[in-house]
Structure formats: structure tokens, C-alpha cells
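A.B. asks: Got a file for you: entry09.txt, compact mmCIF, C-alpha atoms.
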```txt
# COMPACT_ATOMS: atom_id res chain seq x y z
CA VAL N 1 -34.45 -0.32 -7.45
CA THR N 2 -32.20 -3.32 -6.84
CA VAL N 3 -31.36 -4.10 -3.22
CA VAL N 4 -28.15 -6.04 -2.65
CA GLN N 5 -27.86 -7.43 0.85
CA VAL N 6 -24.23 -8.24 1.65
CA GLU N 7 -23.62 -10.75 4.43
CA GLY N 8 -20.31 -11.96 5.81
CA GLU N 9 -16.89 -10.99 4.50
CA VAL N 10 -15.99 -9.15 1.32
CA ASP N 11 -12.33 -9.58 0.41
CA LEU N 12 -10.28 -10.33 -2.68
CA SER N 13 -11.92 -13.76 -3.04
CA THR N 14 -15.56 -12.73 -2.50
CA ALA N 15 -15.55 -9.23 -4.05
CA PRO N 16 -16.36 -10.67 -7.53
CA ARG N 17 -19.70 -11.93 -6.14
CA LEU N 18 -20.63 -8.41 -5.07
CA ASP N 19 -19.49 -7.23 -8.48
CA GLU N 20 -21.83 -9.75 -10.17
CA ALA N 21 -24.76 -8.77 -8.00
CA LEU N 22 -24.25 -5.12 -8.92
CA ALA N 23 -23.72 -5.91 -12.61
CA ALA N 24 -27.39 -6.91 -12.80
CA ALA N 25 -28.46 -3.45 -11.65
CA ILE N 26 -25.96 -1.79 -13.99
CA ASP N 27 -27.23 -3.82 -16.97
CA ARG N 28 -30.83 -2.88 -16.24
CA ARG N 29 -29.82 0.72 -15.51
CA VAL N 30 -31.71 0.79 -12.25
CA PRO N 31 -30.45 2.40 -9.04
CA ALA N 32 -29.13 0.05 -6.37
CA VAL N 33 -29.10 -0.04 -2.59
CA ILE N 34 -26.14 -1.89 -1.10
CA ASP N 35 -27.10 -2.97 2.38
CA LEU N 36 -23.93 -3.44 4.45
CA SER N 37 -25.59 -3.75 7.85
CA ALA N 38 -24.89 -7.51 8.01
CA THR N 39 -21.39 -7.29 6.52
CA THR N 40 -18.68 -8.33 8.95
CA PHE N 41 -15.62 -7.37 6.91
CA MET N 42 -14.83 -5.42 3.78
CA ASP N 43 -11.35 -4.60 2.56
CA SER N 44 -10.13 -2.38 -0.26
CA SER N 45 -11.12 -4.90 -2.95
CA GLY N 46 -14.74 -4.61 -1.79
CA PHE N 47 -14.64 -0.81 -1.65
CA ARG N 48 -13.21 -0.83 -5.14
CA VAL N 49 -16.27 -2.70 -6.43
CA VAL N 50 -18.59 -0.14 -4.85
CA HIS N 51 -16.54 2.78 -6.20
CA GLU N 52 -16.63 1.23 -9.68
CA ALA N 53 -20.37 0.64 -9.57
CA ALA N 54 -20.92 4.21 -8.36
CA GLU N 55 -19.48 5.46 -11.63
CA ARG N 56 -22.10 3.59 -13.64
CA VAL N 57 -25.30 3.59 -11.64
CA ARG N 58 -26.97 5.58 -8.84
CA LEU N 59 -26.13 3.98 -5.50
CA ALA N 60 -27.03 4.36 -1.85
CA LEU N 61 -25.37 2.48 1.00
CA VAL N 62 -26.97 1.20 4.19
CA VAL N 63 -24.43 1.42 7.00
CA PRO N 64 -25.95 1.85 10.46
CA PRO N 65 -24.01 4.29 12.68
CA GLY N 66 -21.57 2.41 14.89
CA SER N 67 -21.82 -0.76 12.80
CA ILE N 68 -18.69 -2.71 11.98
CA LEU N 69 -18.17 -1.00 8.59
CA ASP N 70 -19.18 2.54 9.62
CA ARG N 71 -15.65 3.88 9.99
CA SER N 72 -14.13 1.92 7.07
CA VAL N 73 -16.68 3.33 4.62
CA ARG N 74 -15.81 6.87 5.67
CA LEU N 75 -12.05 6.27 5.65
CA ALA N 76 -12.38 4.90 2.10
CA GLY N 77 -13.98 8.21 1.12
CA LEU N 78 -17.15 6.44 -0.07
CA HIS N 79 -19.39 8.91 1.79
CA GLU N 80 -17.97 11.59 -0.49
CA ILE N 81 -19.43 9.85 -3.55
CA VAL N 82 -22.44 7.81 -2.44
CA PRO N 83 -25.14 8.62 0.14
CA VAL N 84 -24.58 6.58 3.30
CA CYS N 85 -27.85 5.90 5.14
CA ALA N 86 -28.67 4.45 8.55
CA ASP N 87 -31.37 2.10 7.25
CA ARG N 88 -32.90 0.70 4.10
CA SER N 89 -35.89 3.03 3.95
CA GLY N 90 -33.55 5.99 4.18
CA ALA N 91 -31.50 4.61 1.29
CA LEU N 92 -34.61 3.99 -0.83
CA ALA N 93 -35.83 7.51 -0.13
CA GLU N 94 -32.41 8.82 -1.16
CA LEU N 95 -32.75 7.11 -4.56
CA ARG N 96 -36.36 8.17 -5.08
CA ASP N 97 -35.38 11.86 -5.10
CA VAL P 1 31.74 -36.56 -19.51
CA PHE P 2 30.41 -40.11 -19.08
CA LEU P 3 27.91 -41.44 -16.61
CA THR P 4 28.70 -45.14 -15.95
CA THR P 5 26.84 -47.89 -14.12
CA LYS P 6 28.39 -51.30 -13.47
CA SER P 7 26.94 -54.51 -12.08
CA PRO P 8 28.35 -58.04 -11.52
CA LEU P 9 27.42 -60.85 -13.90
CA TYR P 10 26.64 -64.22 -12.25
CA ASN P 11 26.52 -67.80 -13.62
CA ALA P 12 23.90 -70.37 -12.60
CA ASP P 13 25.86 -71.18 -9.39
CA ARG P 14 25.77 -67.54 -8.28
CA GLU P 15 29.47 -67.10 -8.99
CA VAL P 16 30.71 -63.80 -10.35
CA ILE P 17 32.01 -64.40 -13.82
CA GLY P 18 32.31 -60.84 -15.03
CA VAL P 19 31.14 -57.24 -14.99
CA VAL P 20 28.55 -55.55 -17.15
CA GLY P 21 29.07 -51.83 -17.62
CA VAL P 22 27.04 -49.12 -19.36
CA ALA P 23 28.58 -45.78 -20.17
CA ARG P 24 26.46 -42.86 -21.31
CA ASP P 25 27.80 -39.61 -22.72
CA VAL P 26 26.17 -36.87 -20.63
CA THR P 27 28.40 -33.98 -21.70
CA GLU P 28 25.60 -32.16 -23.45
CA GLU P 29 23.07 -32.88 -20.72
CA ARG P 30 25.37 -31.47 -18.05
CA ALA P 31 26.09 -28.38 -20.13
CA LEU P 32 22.37 -27.77 -20.62
CA ARG P 33 21.74 -28.07 -16.92
CA ARG P 34 24.54 -25.63 -16.13
CA ASP P 35 23.04 -23.15 -18.62
CA ARG P 36 19.60 -23.51 -17.06
CA GLU P 37 20.97 -22.87 -13.58
CA ARG P 38 22.90 -19.85 -14.78
CA LEU P 39 19.85 -18.41 -16.57
CA TYR P 40 17.70 -18.97 -13.49
CA GLN P 41 20.30 -17.15 -11.39
CA ILE P 42 20.42 -14.22 -13.82
CA GLU P 43 16.63 -13.94 -13.96
CA HIS P 44 16.46 -14.07 -10.19
CA GLU P 45 18.94 -11.21 -9.97
CA TYR P 46 17.01 -9.18 -12.55
CA ALA P 47 13.78 -9.71 -10.65
CA ALA P 48 15.37 -8.77 -7.33
CA THR P 49 16.95 -5.63 -8.82
CA LEU P 50 13.70 -4.52 -10.46
CA GLN P 51 11.67 -5.14 -7.33
CA HIS P 52 14.18 -3.25 -5.22
CA ALA P 53 14.03 -0.30 -7.60
CA MET P 54 10.25 -0.13 -7.23
CA LEU P 55 10.39 0.42 -3.48
CA GLY P 56 10.64 3.77 -1.78
CA THR P 57 13.25 4.80 0.69
CA ALA P 58 13.37 6.48 4.08
CA ASN P 59 17.04 7.42 3.68
CA VAL P 60 16.72 11.18 3.68
CA ASP P 61 19.75 12.79 5.26
CA ASP P 62 18.37 15.65 7.37
CA ASP P 63 19.43 16.18 11.00
CA ARG P 64 16.11 17.73 11.92
CA PHE P 65 14.36 14.38 11.50
CA ALA P 66 14.60 10.71 12.26
CA PHE P 67 12.95 8.44 9.69
CA CYS P 68 12.15 4.77 9.63
CA ALA P 69 10.08 2.47 7.41
CA ARG P 70 9.14 -1.21 7.37
CA TYR P 71 7.70 -3.23 4.51
CA HIS P 72 6.15 -6.69 4.61
CA PRO P 73 4.70 -8.05 1.36
CA ALA P 74 2.09 -10.76 1.86
CA VAL P 75 2.84 -12.82 -1.26
CA GLU P 76 5.57 -15.42 -0.93
CA GLY P 77 8.38 -15.13 -3.46
CA LEU P 78 7.92 -11.40 -3.94
CA THR P 79 9.73 -8.65 -2.09
CA VAL P 80 7.21 -6.06 -3.28
CA GLY P 81 3.42 -5.78 -3.22
CA GLY P 82 0.76 -3.18 -3.91
CA ASP P 83 1.69 -1.12 -0.83
CA TRP P 84 4.31 1.59 -0.83
CA TYR P 85 5.90 4.28 1.31
CA ASP P 86 8.32 7.06 0.51
CA VAL P 87 10.16 9.98 2.05
CA VAL P 88 10.98 12.83 -0.30
CA ALA P 89 13.18 15.85 0.49
CA ARG P 90 12.06 18.98 -1.31
CA PRO P 91 14.27 21.79 -2.60
CA ASP P 92 12.56 24.25 -0.23
CA GLY P 93 13.59 22.21 2.81
CA ALA P 94 10.19 20.60 3.40
CA VAL P 95 10.02 16.83 3.70
CA VAL P 96 7.16 14.76 2.29
CA LEU P 97 5.94 11.50 3.78
CA ILE P 98 3.87 9.25 1.50
CA ALA P 99 2.06 5.94 1.90
CA GLY P 100 -0.08 4.26 -0.72
CA ASP P 101 -1.82 1.06 -1.72
CA ALA P 102 -2.51 -0.15 -5.26
CA VAL P 103 -5.47 -2.50 -5.68
CA GLY P 104 -4.96 -6.26 -5.63
CA ARG P 105 -2.02 -8.46 -4.73
CA GLY P 106 1.10 -9.87 -6.29
CA ILE P 107 3.12 -8.73 -9.27
CA GLY P 108 0.23 -6.91 -11.00
CA ALA P 109 -0.39 -4.69 -7.98
CA ALA P 110 3.35 -4.24 -7.52
CA THR P 111 3.96 -2.91 -11.04
CA ALA P 112 1.15 -0.35 -10.63
CA MET P 113 2.59 0.54 -7.23
CA GLY P 114 6.07 1.19 -8.65
CA GLN P 115 4.70 3.61 -11.23
CA LEU P 116 2.42 5.45 -8.81
CA ARG P 117 5.22 5.75 -6.26
CA SER P 118 7.62 7.28 -8.77
CA ALA P 119 4.99 9.63 -10.15
CA ILE P 120 3.89 11.09 -6.82
CA ALA P 121 7.48 11.41 -5.59
CA ALA P 122 8.15 13.61 -8.62
CA LEU P 123 4.85 15.50 -8.33
CA VAL P 124 5.36 16.63 -4.72
CA GLY P 125 8.59 18.39 -5.64
CA SER P 126 7.24 21.88 -5.16
CA GLY P 127 4.26 23.89 -3.97
CA ALA P 128 2.46 23.90 -0.66
CA ASP P 129 -0.73 22.19 -1.75
CA PRO P 130 -0.56 18.38 -1.60
CA ALA P 131 -4.16 18.05 -2.83
CA ARG P 132 -3.16 19.44 -6.25
CA ALA P 133 -0.31 16.91 -6.39
CA LEU P 134 -2.82 14.08 -5.78
CA GLU P 135 -5.08 15.48 -8.50
CA SER P 136 -2.16 15.22 -10.92
CA LEU P 137 -1.63 11.68 -9.70
CA ASP P 138 -5.36 11.03 -10.34
CA ARG P 139 -4.81 11.81 -14.01
CA PHE P 140 -1.65 9.70 -14.18
CA ALA P 141 -3.38 6.78 -12.45
CA THR P 142 -5.99 6.59 -15.23
CA THR P 143 -3.21 5.93 -17.75
CA ILE P 144 -1.61 2.86 -16.15
CA ALA P 145 -2.94 -0.65 -15.67
CA GLY P 146 -4.12 -1.15 -12.10
CA GLY P 147 -3.71 2.54 -11.27
CA ALA P 148 -7.33 3.34 -10.58
CA PHE P 149 -8.74 2.99 -7.05
CA ALA P 150 -5.31 3.04 -5.47
CA THR P 151 -5.25 4.90 -2.16
CA CYS P 152 -2.65 7.39 -1.00
CA ALA P 153 -1.89 9.59 2.01
CA LEU P 154 0.52 12.46 1.64
CA VAL P 155 1.94 14.77 4.32
CA ILE P 156 4.26 17.73 3.79
CA ILE P 157 6.29 18.53 6.90
CA ASP P 158 7.54 22.08 7.35
CA ALA P 159 10.04 21.84 10.19
CA ALA P 160 10.59 25.60 10.24
CA SER P 161 7.01 26.30 11.31
CA GLU P 162 6.42 22.90 12.98
CA THR P 163 3.34 22.36 10.84
CA ILE P 164 2.20 19.69 8.44
CA THR P 165 -0.10 19.86 5.42
CA TYR P 166 -1.93 16.63 4.68
CA THR P 167 -4.26 15.10 2.13
CA CYS P 168 -5.77 11.66 1.90
CA ALA P 169 -7.22 9.69 -1.04
CA GLY P 170 -9.22 6.91 0.64
CA HIS P 171 -6.14 5.85 2.57
CA MET P 172 -5.63 5.09 6.26
CA PRO P 173 -5.35 8.46 8.03
CA PRO P 174 -1.93 9.73 9.22
CA LEU P 175 -1.30 9.43 12.97
CA ILE P 176 0.44 12.04 15.12
CA VAL P 177 1.97 10.94 18.43
CA SER P 178 2.80 13.94 20.64
CA PRO P 179 5.76 13.91 23.06
CA ASP P 180 3.28 13.66 25.98
CA GLY P 181 1.70 10.52 24.47
CA ALA P 182 -1.46 12.09 23.07
CA THR P 183 -2.46 10.62 19.70
CA LYS P 184 -4.43 12.15 16.85
CA TYR P 185 -5.61 10.64 13.55
CA LEU P 186 -5.92 13.19 10.75
CA ASP P 187 -9.16 11.68 9.45
CA ASP P 188 -11.35 14.74 8.91
CA LEU P 189 -10.68 15.07 5.16
CA GLN P 190 -11.04 11.55 3.70
CA ASP P 191 -11.44 11.98 -0.06
CA PRO P 192 -12.09 9.10 -2.52
CA PRO P 193 -9.28 6.90 -3.93
CA LEU P 194 -7.23 7.83 -7.01
CA ALA P 195 -8.82 8.14 -10.43
CA THR P 196 -12.40 7.86 -9.14
CA ILE P 197 -15.25 10.27 -9.68
CA ARG P 198 -15.36 13.09 -7.16
CA ARG P 199 -18.03 15.62 -6.32
CA ARG P 200 -15.42 18.28 -5.56
CA ALA P 201 -11.73 19.13 -5.67
CA ARG P 202 -9.43 17.24 -3.32
CA ARG P 203 -8.99 18.87 0.05
CA PHE P 204 -6.02 19.35 2.34
CA GLY P 205 -5.66 20.22 6.00
CA VAL P 206 -3.03 21.85 8.17
CA HIS P 207 -2.01 20.65 11.63
CA SER P 208 0.75 21.44 14.08
CA LEU P 209 3.65 19.02 14.59
CA PRO P 210 5.62 20.18 17.63
CA VAL P 211 9.25 19.12 18.03
CA GLY P 212 9.38 15.65 19.56
CA SER P 213 6.23 14.47 17.79
CA THR P 214 6.19 11.34 15.66
CA LEU P 215 4.17 11.24 12.45
CA MET P 216 3.14 7.84 11.15
CA LEU P 217 1.74 6.78 7.78
CA PHE P 218 0.73 3.18 7.21
CA THR P 219 -1.38 0.85 5.09
CA ASP P 220 -4.53 -1.03 6.08
CA GLY P 221 -2.70 -4.34 6.51
CA LEU P 222 -1.31 -2.98 9.79
CA VAL P 223 -4.69 -2.41 11.43
CA GLU P 224 -7.29 -4.46 9.52
CA ARG P 225 -8.60 -7.67 11.03
CA ARG P 226 -11.61 -9.77 10.16
CA ALA P 227 -14.82 -9.60 12.19
CA GLU P 228 -13.92 -6.36 13.91
CA SER P 229 -14.38 -2.70 13.17
CA ILE P 230 -11.39 -0.83 11.80
CA ASP P 231 -11.79 1.36 14.91
CA ASN P 232 -10.36 -1.47 17.02
CA GLY P 233 -7.30 -1.73 14.81
CA LEU P 234 -6.78 2.04 14.79
CA GLU P 235 -7.14 2.15 18.58
CA ARG P 236 -4.69 -0.73 18.94
CA LEU P 237 -2.16 1.15 16.82
CA ALA P 238 -2.66 4.47 18.65
CA ARG P 239 -2.24 2.82 22.06
CA ALA P 240 0.92 0.98 20.98
CA ALA P 241 2.38 4.09 19.33
CA SER P 242 1.71 6.19 22.44
CA ARG P 243 3.30 3.63 24.76
CA LEU P 244 6.36 3.13 22.51
CA ARG P 245 6.92 6.82 21.66
CA ASP P 246 10.17 7.17 23.66
CA LEU P 247 11.94 4.42 21.70
CA SER P 248 14.12 5.27 18.72
CA VAL P 249 12.09 5.34 15.50
CA ASP P 250 13.68 2.06 14.42
CA ASP P 251 12.78 0.27 17.66
CA MET P 252 9.33 1.88 17.64
CA CYS P 253 8.70 0.65 14.09
CA ASP P 254 9.82 -2.89 14.94
CA ALA P 255 7.80 -3.01 18.14
CA ILE P 256 4.63 -1.78 16.42
CA VAL P 257 4.95 -4.28 13.57
CA GLY P 258 5.74 -7.02 16.11
CA GLU P 259 2.63 -6.22 18.15
CA LEU P 260 0.15 -5.61 15.35
CA VAL P 261 1.08 -7.86 12.45
CA GLU P 262 0.07 -11.48 12.88
CA THR P 263 2.88 -12.83 10.74
CA ASP P 264 1.45 -16.34 10.55
CA ARG P 265 -1.91 -15.01 9.35
CA GLN P 266 -0.74 -12.06 7.27
CA THR P 267 -2.94 -11.86 4.19
CA ASP P 268 -2.31 -8.26 3.19
CA ASP P 269 0.85 -6.25 2.53
CA VAL P 270 1.99 -4.01 5.36
CA ALA P 271 3.87 -0.75 4.95
CA ILE P 272 4.67 1.75 7.69
CA VAL P 273 6.77 4.91 7.63
CA LEU P 274 7.65 7.15 10.58
CA ALA P 275 9.10 10.63 10.83
CA ARG P 276 10.05 12.18 14.14
CA LEU P 277 10.69 15.91 14.30
CA LEU P 278 13.90 16.33 16.32
CA ALA P 279 14.51 20.03 15.78
CA ALA P 280 12.67 22.94 14.20
CA GLY P 281 14.24 25.34 11.76
CA LYS P 282 15.61 25.52 8.27
CA PRO P 283 17.46 22.57 6.79
CA PRO P 284 21.13 22.44 7.85
CA ASP P 285 23.65 23.34 5.13
CA GLY P 286 24.39 20.43 2.89
CA ALA P 287 21.43 18.41 4.13
CA ALA P 288 19.60 19.07 0.90
CA SER P 289 22.66 18.66 -1.27
CA LEU P 290 20.91 17.92 -4.56
CA PRO P 291 18.56 20.92 -4.44
CA GLY P 292 21.61 22.97 -3.50
CA LEU P 293 23.24 21.87 -6.73
CA TRP P 294 20.17 22.85 -8.72
CA LYS P 295 20.29 26.30 -7.18
CA GLN P 296 23.94 26.70 -8.10
CA ARG P 297 23.28 25.54 -11.62
CA SER P 298 20.31 27.86 -12.17
CA MET P 299 22.29 30.77 -10.73
CA ARG P 300 25.04 30.05 -13.24
CA GLN P 301 22.49 29.86 -16.04
CA LEU P 302 21.03 33.17 -14.94
CA SER P 303 24.40 34.88 -14.81
CA SER P 304 25.68 33.56 -18.12
```
Render the structure in this file as C-alpha cells.
C.D. replies:
Amino acid sequence: VTVVQVEGEVDLSTAPRLDEALAAAIDRRVPAVIDLSATTFMDSSGFRVVHEAAERVRLALVVPPGSILDRSVRLAGLHEIVPVCADRSGALAELRD
Amino acid sequence: VFLTTKSPLYNADREVIGVVGVARDVTEERALRRDRERLYQIEHEYAATLQHAMLGTANVDDDRFAFCARYHPAVEGLTVGGDWYDVVARPDGAVVLIAGDAVGRGIGAATAMGQLRSAIAALVGSGADPARALESLDRFATTIAGGAFATCALVIIDAASETITYTCAGHMPPLIVSPDGATKYLDDLQDPPLATIRRRARRFGVHSLPVGSTLMLFTDGLVERRAESIDNGLERLARAASRLRDLSVDDMCDAIVGELVETDRQTDDVAIVLARLLAAGKPPDGAASLPGLWKQRSMRQLSS
């Protein structure tokens, strides 16, 4: 399992870095946890990267309830595609199944 | 046409003894410059016309409603961006409100936007189920550059029954402002963006829209700010909309944009479209003139 910890802001200019980080997991065909608990901003370009990755590799997101991205992730419909977990162990357990 | 420069000619005692002049034939040069300026002007007009054609409209003539929309592209030099809105009058008298957002910025996002906008406006022409219309748009979105991962919210308003039917593909949820100031986001059925994998069919919901209510669709640029949860932005919008609900839709639109959009720091496109239900009932005669014509034509075809 690859764990990608995302800190700070993900927008049009930084989304490619998230894309690169996930490309490693996609190349190795291993599931990935994207930990968004320390992410302070993510716009549609960031969500797009996650949606794209979800089509190629098993993903789980870490988004603590009430955290800054909690509502955005749900509005983007990501919870309909990828398991959204409160913490990292939950996400890892999700991918172990 | 000659361009001439002249200067005095001095002797050793600094006395003027003559004039030196140079004349250059610039006829061709001037003509070339005029051509360039004319071509630039023509291209500018083409670009403006094409951009204008890509945008939606809120000019639906129906006395039961008041509509208003505002559009603020973030990229300088463009009058369009990835965001769009539209108001579509259906033959059955229902009115459809649409807002969407194609991925990215600038002309690339705008061209995808123009195609998605046209496609969904045509797809919502009939039927009560907006989720099926979005599923058709899903398929279309896979066929155009920049179509995938676009978001879209779609609401069908039936004024006769004062109800709306809504569906949402990863887009900001529609907002209802009641006459008494209560606000409600329709955010219970957030499905993934267009042309993405889904675990199930797209869903739609039904909600009441009593006369006097204002329905608002918008894009994330209106509410999204760095270093804060989207909840804050949505709350800010709901509070402003509730407070400004007694204004005309035009003034309400302007006031909301004025309060929420930080024009000097705008980094994302902003689109907002409002519909206020003024009266329930069937469409007034002539309001839906084009569908009326279709009906006449098909009747004639049937009888002939």
C-alpha cells in the first residue's frame, strides 16, 4: 500500500504533484491511501486527480469528520466512488479487505 | 506616401548654409499596417462572437418566473471560462435551470464548456427524470476534449405543482430560499462528476418550491476560499441570499456577487443563475411560443 500524505493547498498549480505521487502507486499497481487530514484547500483540479486515479487503482481517503475538506469531498461525489475514512488505520483496513 | 526628415546644415562658423532632407517611400509599409489592424479587428470580432455564442442565457419569456444570471470569467482577455449556466424552457411548460463547470481554465476549458452546455440544453428537452439526461451527457462528455470530470447541477421546475426535480454531478448543490427567509441546500444526492466511474445509476430528488421561493444554482468560485471549509462559503451564501431575498432577482444577483466575490483576488470563474417562482400554474399562452409551433406543425403532419 502506498500512503500519500497531502499537506497544504491543492489547486491548478499543485494538482500535478498529487498526480505524480499517485502515478507511482498506479505504476506499481498497489492500492493507495490519500491522507487529506492536513490538506487546507482542494479545488476541482485536485478532485479530478483523485477521480482519475480511482479509475486505475484501489483508493481510500483519510478525511476526518469535520475537517476542512470533509464537506468538499462529499459535494464532489468522491464518497460515492472511494471509501472515505476518519483515520489512516481505517483506510488501510478498508484496502486490506 | 513619403516620410520625410529634414535637418539644417551648418558650416564651421555654425551658420546655416542649407538643409539636408531624407524622403522615404512608406506607402507599402502603411498599407501593411492598415491590413494588420483590420485583420486584428476582424479576428477580435470573430472571437467575441464565438465566445458569446458559447454562453447560456437566462432570457426565457415566462410570466410565472423571474430569472437572472451573472458570469465572471477569471482569465483576462476572455469573456468565457469553464463555468456555465443556462435556463431552458421545455415544450411541456417546465423550466430547467442548469449550472456546470468544465475542468481547468482558459480557452481549453471554455471550448469544452460550450459543447457540454449545448448538449445538456438539448438533452433536457423532455421527460421528468433529469438523472437520465445527465447519464446521456456522461456519454457525450467522454467524446469531447476536456469533457470528463466536468460537474453539473440540473433542476427541473414544474410551476404547476410547485415542485422541482434535481440531480447533481459533483457540482455545488442548488439552494432554495423560501419567502420567509429559510434556506435549504439540496445536497443529499451528490453523485460523481461527468464521465467518471460510478457504482450506481445517477439519482434525482424531488422538493417543493412554493410560490415566492428563489432557486439558485452557482459554481464553486462563488463560495470557495483558501484555508477555510467550503461550509463557511456555503453558509455565507445562504445568509446573504436569505437577507437579500426581497430584492428583485437582478438586484439580488448583483448584491450576492458583490458580497461574495473578491474581485481583486478572483482566481476561479464565477457563474450564478436565479429563478424566482412568481406564480403557480400552467404556462401562459404564447409564453412557450416555439413549442407551440412544434405542436401546430405536428398536428398538421398528423392530419395530412
A.B. asks: List the spatial neighbours of Arg96 of chain N as a list in words - criterion: any atom at most 12 Å away, only C-alpha atoms, same-chain residues fewer than 2 positions off excluded.
C.D. replies: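 That gives Val1, Val30, Pro31, Ala32, Val33, Arg58, Leu59, Ala60, Ser89, Gly90, Ala91, Leu92, Ala93 and Glu94 of chain N.
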A.B. asks: Output as a ChimeraX atom specification the set of chain P residues within 9 Å of chain N, with distances taken over only C-alpha atoms.
C.D. replies: /P:103-105,149-151,168-173,187,189-193,196-200,220,224-231
A.B. asks: Could you tell me how far atom CA of Ser37 of chain N sits from atom CA of Glu7 of chain N, in Å to one decimal place?
C.D. replies: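 Distance between the two atoms: 8.0 Å.
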A.B. asks: Pick from P:Thr49, P:Thr5, P:Ser118, P:Thr214: nearest to Val249 of chain P, with all atoms listed in the file counted?
C.D. replies: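 Closest to Val249 of chain P of all the choices is P:Thr214.
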A.B. asks: Pick out the closest residue to Pro65 of chain N from this set: N:Cys85, N:Val6, N:Ala25, N:Ala38. Count all atoms listed in the file.
C.D. replies: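 Of all the options, N:Cys85 lies closest to Pro65 of chain N.
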A.B. asks: So that I can check the surroundings of Asp180 of chain P, please list as a list of chain:residue names every protein, DNA and RNA residue that reaches within 12 Å of it, counting all atoms listed in the file and ignoring chain neighbours fewer than 2 positions away.
C.D. replies: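 Counting only the stated atoms, we get P:Ile176, P:Val177, P:Ser178, P:Ala182, P:Thr183, P:Pro210, P:Val211, P:Gly212, P:Ser213, P:Thr214, P:Ala241, P:Ser242, P:Arg243, P:Leu244, P:Arg245, P:Asp246.
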A.B. asks: For atom CA of Ala110 of chain P and atom CA of Cys152 of chain P, quote the distance in Å rounded to one decimal.
C.D. replies: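 Separation of atom CA of Ala110 of chain P and atom CA of Cys152 of chain P: 14.6 Å.
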A.B. asks: For Leu237 of chain P, which residue among P:Asp129, P:Glu259, P:Asp264, P:Asp251 is the nearest when counting all atoms listed in the file?
C.D. replies: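 Ranked by minimum distance to Leu237 of chain P, first place goes to P:Glu259.
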A.B. asks: Could you check how far atom CA of Ala24 of chain N sits from atom CA of Ala109 of chain P, in Å to one decimal?
C.D. replies: 27.5 Å
A.B. asks: Using only the atoms of segment 72-79 of chain N listed in the file, plus 5 Å on each side, state the axis-aligned box centre and edge lengths in Å rounded to one decimal, as lines of an AutoDock Vina configuration file.
C.D. replies:
```
center_x = -15.7
center_y = 5.4
center_z = 3.5
size_x = 17.3
size_y = 17.0
size_z = 17.1
```
A.B. asks: Taking only C-alpha atoms into account, which of P:Ile42, P:Ala122, P:Leu3, P:Met113 comes nearest Pro91 of chain P?
C.D. replies: P:Ala122
A.B. asks: P:Pro174, P:Arg33, P:Tyr185, P:Asp63: which is nearest Ala279 of chain P, counting all atoms listed in the file?
C.D. replies: P:Asp63
A.B. asks: What's around Met54 of chain P at 10 Å? Count only C-alpha atoms, leave out sequence neighbours fewer than 5 positions away in its own chain, and write the answer as a list in words.
C.D. replies: Thr49, Thr79, Val80, Gly81, Trp84, Ala110, Thr111, Ala112, Met113, Gly114, Gln115, Leu116, Arg117 and Ser118 of chain P
A.B. asks: Since the input lacks atoms, please generate all heavy atoms for segment 17-22 of chain N and provide them as a CSV table (one decimal), in the coordinates of the input.
C.D. replies:
```csv
chain,number,residue,atom,x,y,z
N,17,ARG,N,-18.3,-11.6,-6.3
N,17,ARG,CA,-19.7,-11.9,-6.1
N,17,ARG,C,-20.5,-10.7,-5.9
N,17,ARG,O,-21.6,-10.5,-6.5
N,17,ARG,CB,-19.9,-12.9,-5.0
N,17,ARG,CG,-19.4,-14.3,-5.4
N,17,ARG,CD,-19.3,-15.3,-4.2
N,17,ARG,NE,-20.6,-15.3,-3.4
N,17,ARG,CZ,-20.6,-15.8,-2.2
N,17,ARG,NH1,-19.6,-16.3,-1.6
N,17,ARG,NH2,-21.8,-15.9,-1.6
N,18,LEU,N,-20.0,-9.7,-5.2
N,18,LEU,CA,-20.6,-8.4,-5.1
N,18,LEU,C,-20.7,-7.7,-6.4
N,18,LEU,O,-21.7,-7.1,-6.8
N,18,LEU,CB,-19.9,-7.6,-4.0
N,18,LEU,CG,-20.4,-6.1,-3.8
N,18,LEU,CD1,-21.8,-6.1,-3.4
N,18,LEU,CD2,-19.5,-5.4,-2.8
N,19,ASP,N,-19.6,-7.8,-7.2
N,19,ASP,CA,-19.5,-7.2,-8.5
N,19,ASP,C,-20.6,-7.8,-9.4
N,19,ASP,O,-21.3,-7.0,-10.1
N,19,ASP,CB,-18.1,-7.6,-9.1
N,19,ASP,CG,-17.7,-6.6,-10.2
N,19,ASP,OD1,-18.3,-5.5,-10.2
N,19,ASP,OD2,-16.9,-6.9,-11.0
N,20,GLU,N,-20.8,-9.1,-9.4
N,20,GLU,CA,-21.8,-9.8,-10.2
N,20,GLU,C,-23.2,-9.3,-9.8
N,20,GLU,O,-24.0,-9.0,-10.6
N,20,GLU,CB,-21.8,-11.3,-10.0
N,20,GLU,CG,-20.8,-12.0,-10.8
N,20,GLU,CD,-20.6,-13.4,-10.4
N,20,GLU,OE1,-21.6,-14.1,-10.0
N,20,GLU,OE2,-19.5,-13.9,-10.4
N,21,ALA,N,-23.5,-9.2,-8.5
N,21,ALA,CA,-24.8,-8.8,-8.0
N,21,ALA,C,-25.1,-7.4,-8.5
N,21,ALA,O,-26.2,-7.0,-8.9
N,21,ALA,CB,-24.8,-8.8,-6.5
N,22,LEU,N,-24.0,-6.5,-8.5
N,22,LEU,CA,-24.2,-5.1,-8.9
N,22,LEU,C,-24.3,-5.0,-10.4
N,22,LEU,O,-25.0,-4.1,-11.0
N,22,LEU,CB,-23.1,-4.2,-8.4
N,22,LEU,CG,-23.2,-4.0,-6.9
N,22,LEU,CD1,-21.9,-3.4,-6.4
N,22,LEU,CD2,-24.4,-3.2,-6.5
```
